[in-house]
Amino acid sequence: MAIEVSDAEALDAYSRAVTAVAERLAPSVANLRVRRGGGGSAVVISPDGFLLTSAHVVAAGRGRGRASFVDGRELDFSVVGADPLSDLAVLRADARDLVAAELGDAERLRVGQLVVAIGNPHGFGGSVTAGVVSALGRSLPTRSGANVRYVDNVIQTDAALNPGNSGGALADGRGRVVGVNTAVAGVGLGLAVPINEATRKIVGALMREGRYRRAYLGIAGGPRPLPPRVAAELGRRECVEVVNVVEGSPAAAAGLRPEDMIVAVDGTPVETVDDLQRFMVAELIGRRVELTVVRGDRTHALTLTPVELDG
C-alpha cells in the first residue's frame, strides 16, 4: 500500500530553505520598466517607497519609470540618485505600505554558503534561482565618464542570473539581502554588489543627497612590488606605483611624479589600488592629507588637498 506524503514532507531541507526565502522576499522585489526601453528588478528597502537597484538598469530611463509588484500593483517611480561607480541606484515610488526587505551583511558570507537570487523580470511573477557563494573578494570594474573604479568584495555565485534580474536581490538562507545582482560573469556564474558598511554609506548618501561624493587625487596607478631594501624596512612587499599624473590636479600641485611609489596615506599603509580607493571618501575633500612616497631610494612626505571627483 502506497503511503501518501504531503508536499511539505516531500521538501528536503535545501528546498524548504529556498522556498522560505522566496516567499519572504517576493513581495519586496519589483519589476522595473524604464523609459526608452529596457528594465530590470529592484528591492524595496523602506515601506515609504525607497527601492534599491543597479545604476545601469536605470541609466537610460531619464529618471523615471514604472515598478510592478507580485501583488498586482504598478507604481510610477523616479530616480533619487545613482552612482555608476558602485553600480547602485536608489528609486522612490509613490507608496507608504510597501514590504521592505531586511538588509544583511555580505562580510559574514562564506564560500559554499547557500544564496538565493530573486528578481522580477516579468512584472507580476518573481524569478528564483539558488546556488552557493562560489568566490568572494572579486573586483568589478565600473565606469562613469572618463573615471574608472573597482567595486570591492563583489560576490560571485553560481545561482543563475536570468535576463531582467539585474538590480534584484541576492539573499542568504535567512532571507536577508546581502547583495544586488549586477552582472553575468560567465556560464553559470553571476556577480552581485555586496551589502556591507561601504555600500550602506553609498545607499544612505543617495537617499539623503541624491549622490555619493568621492575625493579625487588626479593619478592613474597600478600595483608593483617594492624594492627589496624598502620592503624590508617597511615590512611589506607591495605598493601603488604612479603611472600618470593629471595636469592641474591635486597630485600635480603636490609634486607627485610618474614612477613614485605610494606606500601610505596619513600614516596608513597602502599596498593595492583598492587600498588607495578606500581613502577617497567625502571626508577627505578639501582636507590636507599626507602621502608617503618612495622616489628612487628615498622616502618623501607630500601634502595634497583632494577635490571632489566630477561625475
# chains A, B, ... in the order shown; residues from 1 in each chain; ligands from 1
>>> residues_around(residues="Arg278 of chain A", least_positions_apart="4", cutoff="10 Å", atoms="only C-alpha atoms", output="ChimeraX atom specification")
/A:152,198,214-215,270,273-274
>>> select_by_dssp(residues="segment 167-209 of chain A", states="helix (DSSP H, G or I)", output="PyMOL selection string")
chain A and resi 197-209
>>> closest_residue(among="A:Pro223, A:Gly255, A:Pro269, A:Gly218", to="Thr292 of chain A", atoms="only C-alpha atoms")
A:Pro269
>>> residues_around(residues="segment 16-32 of chain A", least_positions_apart="5", cutoff="8 Å", atoms="only C-alpha atoms", output="number ranges by chain")
A: 11, 39-44, 65-71, 98-101, 116, 118-124, 126, 128, 130, 168-169, 171, 173-175
>>> closest_residue(among="A:Val184, A:Val177, A:Ala282, A:Leu217", to="Asp158 of chain A", atoms="only C-alpha atoms")
A:Val184
>>> closest_residue(among="A:Arg62, A:Arg73, A:Arg211, A:Arg92", to="Ser46 of chain A", atoms="only C-alpha atoms")
A:Arg92
>>> closest_atom_pairs(of="segment 108-221 of chain A", to="segment 48-60 of chain A", cutoff="10 Å", atoms="only C-alpha atoms", output="tab-separated table")
residue	atom	partner	partner_atom	distance
A:Gly164	CA	A:Val57	CA	9.1
A:Asn165	CA	A:Val57	CA	9.8
A:Ser166	CA	A:Ser54	CA	6.6
A:Gly167	CA	A:Thr53	CA	4.1
A:Gly168	CA	A:Thr53	CA	6.6
A:Ala169	CA	A:Thr53	CA	8.7
A:Val180	CA	A:Thr53	CA	6.8
A:Asn181	CA	A:Ser54	CA	7.6
A:Thr182	CA	A:Ser54	CA	6.3
A:Ala183	CA	A:Ser54	CA	9.6
A:Ala192	CA	A:Ser54	CA	9.7
A:Val193	CA	A:Ser54	CA	8.7
A:Val203	CA	A:Leu52	CA	8.0
A:Met207	CA	A:Phe50	CA	8.0
>>> closest_atom_pairs(of="segment 195-270 of chain A", to="segment 302-310 of chain A", cutoff="10 Å", atoms="only C-alpha atoms", output="Markdown table")
| residue | atom | partner | partner_atom | distance |
| --- | --- | --- | --- | --- |
| A:Tyr212 | CA | A:Leu309 | CA | 9.9 |
| A:Arg213 | CA | A:Glu308 | CA | 6.7 |
| A:Arg214 | CA | A:Leu309 | CA | 5.5 |
| A:Ala215 | CA | A:Glu308 | CA | 4.8 |
| A:Tyr216 | CA | A:Leu309 | CA | 4.9 |
| A:Leu217 | CA | A:Pro306 | CA | 5.3 |
| A:Gly218 | CA | A:Pro306 | CA | 8.5 |
| A:Ser249 | CA | A:Val307 | CA | 8.5 |
| A:Pro250 | CA | A:Pro306 | CA | 5.9 |
| A:Ala251 | CA | A:Leu304 | CA | 6.6 |
| A:Ala252 | CA | A:Leu304 | CA | 9.1 |
| A:Ala253 | CA | A:Leu304 | CA | 7.4 |
| A:Ala254 | CA | A:Leu304 | CA | 5.3 |
| A:Gly255 | CA | A:Leu302 | CA | 7.4 |
| A:Leu256 | CA | A:Leu302 | CA | 7.6 |
| A:Val265 | CA | A:Leu302 | CA | 9.8 |
| A:Asp266 | CA | A:Thr303 | CA | 9.4 |
>>> residues_around(residues="segment 102-115 of chain A", least_positions_apart="2", cutoff="8 Å", atoms="only C-alpha atoms", output="CSV table (one decimal) with N, CA and C atoms, in the first residue's frame")
chain,number,residue,atom,x,y,z
A,45,ILE,N,13.5,48.9,0.1
A,45,ILE,CA,14.3,49.0,1.3
A,45,ILE,C,13.6,49.8,2.4
A,100,ALA,N,9.2,46.0,3.0
A,100,ALA,CA,10.7,46.2,2.9
A,100,ALA,C,11.4,44.9,3.2
A,117,ALA,N,19.0,34.0,-5.5
A,117,ALA,CA,18.8,35.2,-6.4
A,117,ALA,C,17.4,35.4,-6.8
A,130,ALA,N,18.7,29.4,-7.1
A,130,ALA,CA,19.5,29.2,-5.9
A,130,ALA,C,20.9,28.5,-6.3
A,131,GLY,N,21.8,28.8,-5.4
A,131,GLY,CA,23.2,28.2,-5.6
A,131,GLY,C,24.0,28.5,-4.3
A,132,VAL,N,25.3,28.6,-4.5
A,132,VAL,CA,26.2,28.9,-3.4
A,132,VAL,C,27.1,30.0,-3.8
A,133,VAL,N,27.7,30.6,-2.8
A,133,VAL,CA,28.7,31.6,-3.0
A,133,VAL,C,29.9,30.8,-3.5
A,134,SER,N,30.4,31.2,-4.7
A,134,SER,CA,31.5,30.4,-5.3
A,134,SER,C,32.8,31.2,-5.2
A,135,ALA,N,32.8,32.5,-4.9
A,135,ALA,CA,34.0,33.2,-4.6
A,135,ALA,C,33.6,34.5,-4.0
A,136,LEU,N,34.6,35.0,-3.2
A,136,LEU,CA,34.4,36.3,-2.5
A,136,LEU,C,35.7,37.1,-2.8
A,157,THR,N,28.5,34.1,-7.5
A,157,THR,CA,27.7,33.0,-7.2
A,157,THR,C,27.3,32.1,-8.4
A,159,ALA,N,24.3,30.8,-8.6
A,159,ALA,CA,22.9,31.0,-8.7
A,159,ALA,C,22.7,31.8,-10.0
A,170,LEU,N,20.1,39.4,-4.0
A,170,LEU,CA,20.8,38.1,-3.6
A,170,LEU,C,20.7,38.0,-2.1
A,171,ALA,N,20.1,36.9,-1.7
A,171,ALA,CA,19.7,36.8,-0.3
A,171,ALA,C,20.4,35.5,0.3
A,172,ASP,N,20.7,35.6,1.6
A,172,ASP,CA,21.2,34.5,2.3
A,172,ASP,C,20.1,33.5,2.7
A,173,GLY,N,20.4,32.4,3.4
A,173,GLY,CA,19.4,31.4,3.7
A,173,GLY,C,18.4,31.9,4.7
A,175,GLY,N,16.9,34.9,4.3
A,175,GLY,CA,16.1,35.9,3.6
A,175,GLY,C,16.6,37.3,3.7
A,176,ARG,N,17.8,37.5,4.2
A,176,ARG,CA,18.4,38.8,4.3
A,176,ARG,C,19.1,39.2,3.0
A,177,VAL,N,18.9,40.4,2.5
A,177,VAL,CA,19.5,40.8,1.2
A,177,VAL,C,21.0,41.1,1.5
A,178,VAL,N,21.9,40.3,0.9
A,178,VAL,CA,23.3,40.5,1.1
A,178,VAL,C,24.0,41.1,-0.2
A,179,GLY,N,23.3,41.2,-1.3
A,179,GLY,CA,23.9,41.8,-2.5
A,179,GLY,C,22.8,42.2,-3.5
A,194,PRO,N,28.0,43.8,-3.1
A,194,PRO,CA,27.7,43.4,-1.7
A,194,PRO,C,27.0,44.5,-0.9
A,195,ILE,N,26.1,44.1,0.0
A,195,ILE,CA,25.6,45.0,1.0
A,195,ILE,C,26.5,44.9,2.2
A,196,ASN,N,27.3,45.9,2.5
A,196,ASN,CA,28.2,46.0,3.6
A,196,ASN,C,28.3,47.4,4.1
A,197,GLU,N,29.3,47.7,5.0
A,197,GLU,CA,29.4,49.0,5.5
A,197,GLU,C,29.6,50.1,4.5
>>> atom_distance(atom1="atom CA of Asp76 of chain A", atom2="atom CA of Arg64 of chain A")
7.4 Å
>>> select_by_dssp(residues="segment 137-304 of chain A", states="strand (DSSP E)", output="ChimeraX atom specification")
/A:137-144,147-157,169-172,177-186,189-194,215-216,219-225,238-245,261-265,268-269,289-295,298-304
>>> atom_distance(atom1="atom CA of Val246 of chain A", atom2="atom CA of Ile202 of chain A")
26.3 Å
>>> closest_residue(among="A:Ala95, A:Leu140, A:Val294, A:Ala220", to="Glu233 of chain A", atoms="only C-alpha atoms")
A:Val294
>>> atom_distance(atom1="atom CA of Val243 of chain A", atom2="atom CA of Leu291 of chain A")
15.8 Å
>>> residues_around(residues="Thr272 of chain A", least_positions_apart="4", cutoff="12 Å", atoms="only C-alpha atoms", output="mmCIF file with C-alpha atoms, in the first residue's frame")
data_model
loop_
_atom_site.group_PDB
_atom_site.id
_atom_site.type_symbol
_atom_site.label_atom_id
_atom_site.label_comp_id
_atom_site.auth_asym_id
_atom_site.auth_seq_id
_atom_site.Cartn_x
_atom_site.Cartn_y
_atom_site.Cartn_z
ATOM 1 C CA TYR A 150 36.608 48.958 -8.967
ATOM 2 C CA ASP A 152 35.431 45.881 -3.886
ATOM 3 C CA GLY A 221 48.211 53.973 -10.587
ATOM 4 C CA GLY A 222 48.941 50.291 -10.608
ATOM 5 C CA PRO A 223 50.362 47.615 -8.289
ATOM 6 C CA ARG A 224 54.074 46.908 -8.117
ATOM 7 C CA PRO A 225 56.491 45.227 -5.726
ATOM 8 C CA LEU A 226 58.596 47.451 -3.508
ATOM 9 C CA ARG A 236 55.606 44.644 3.372
ATOM 10 C CA ARG A 237 56.165 43.923 -0.271
ATOM 11 C CA GLU A 238 53.593 45.814 -2.353
ATOM 12 C CA CYS A 239 52.718 49.436 -3.144
ATOM 13 C CA VAL A 240 50.888 51.585 -5.701
ATOM 14 C CA GLU A 241 53.069 52.996 -8.444
ATOM 15 C CA VAL A 242 52.017 56.291 -10.029
ATOM 16 C CA MET A 261 55.563 54.602 -5.200
ATOM 17 C CA ILE A 262 52.756 55.430 -2.749
ATOM 18 C CA VAL A 263 53.182 53.422 0.467
ATOM 19 C CA ALA A 264 50.903 55.267 2.941
ATOM 20 C CA LEU A 276 44.070 53.794 -2.151
ATOM 21 C CA GLN A 277 40.494 53.992 -3.459
ATOM 22 C CA ARG A 278 39.100 53.262 0.007
ATOM 23 C CA PHE A 279 40.638 56.513 1.220
#
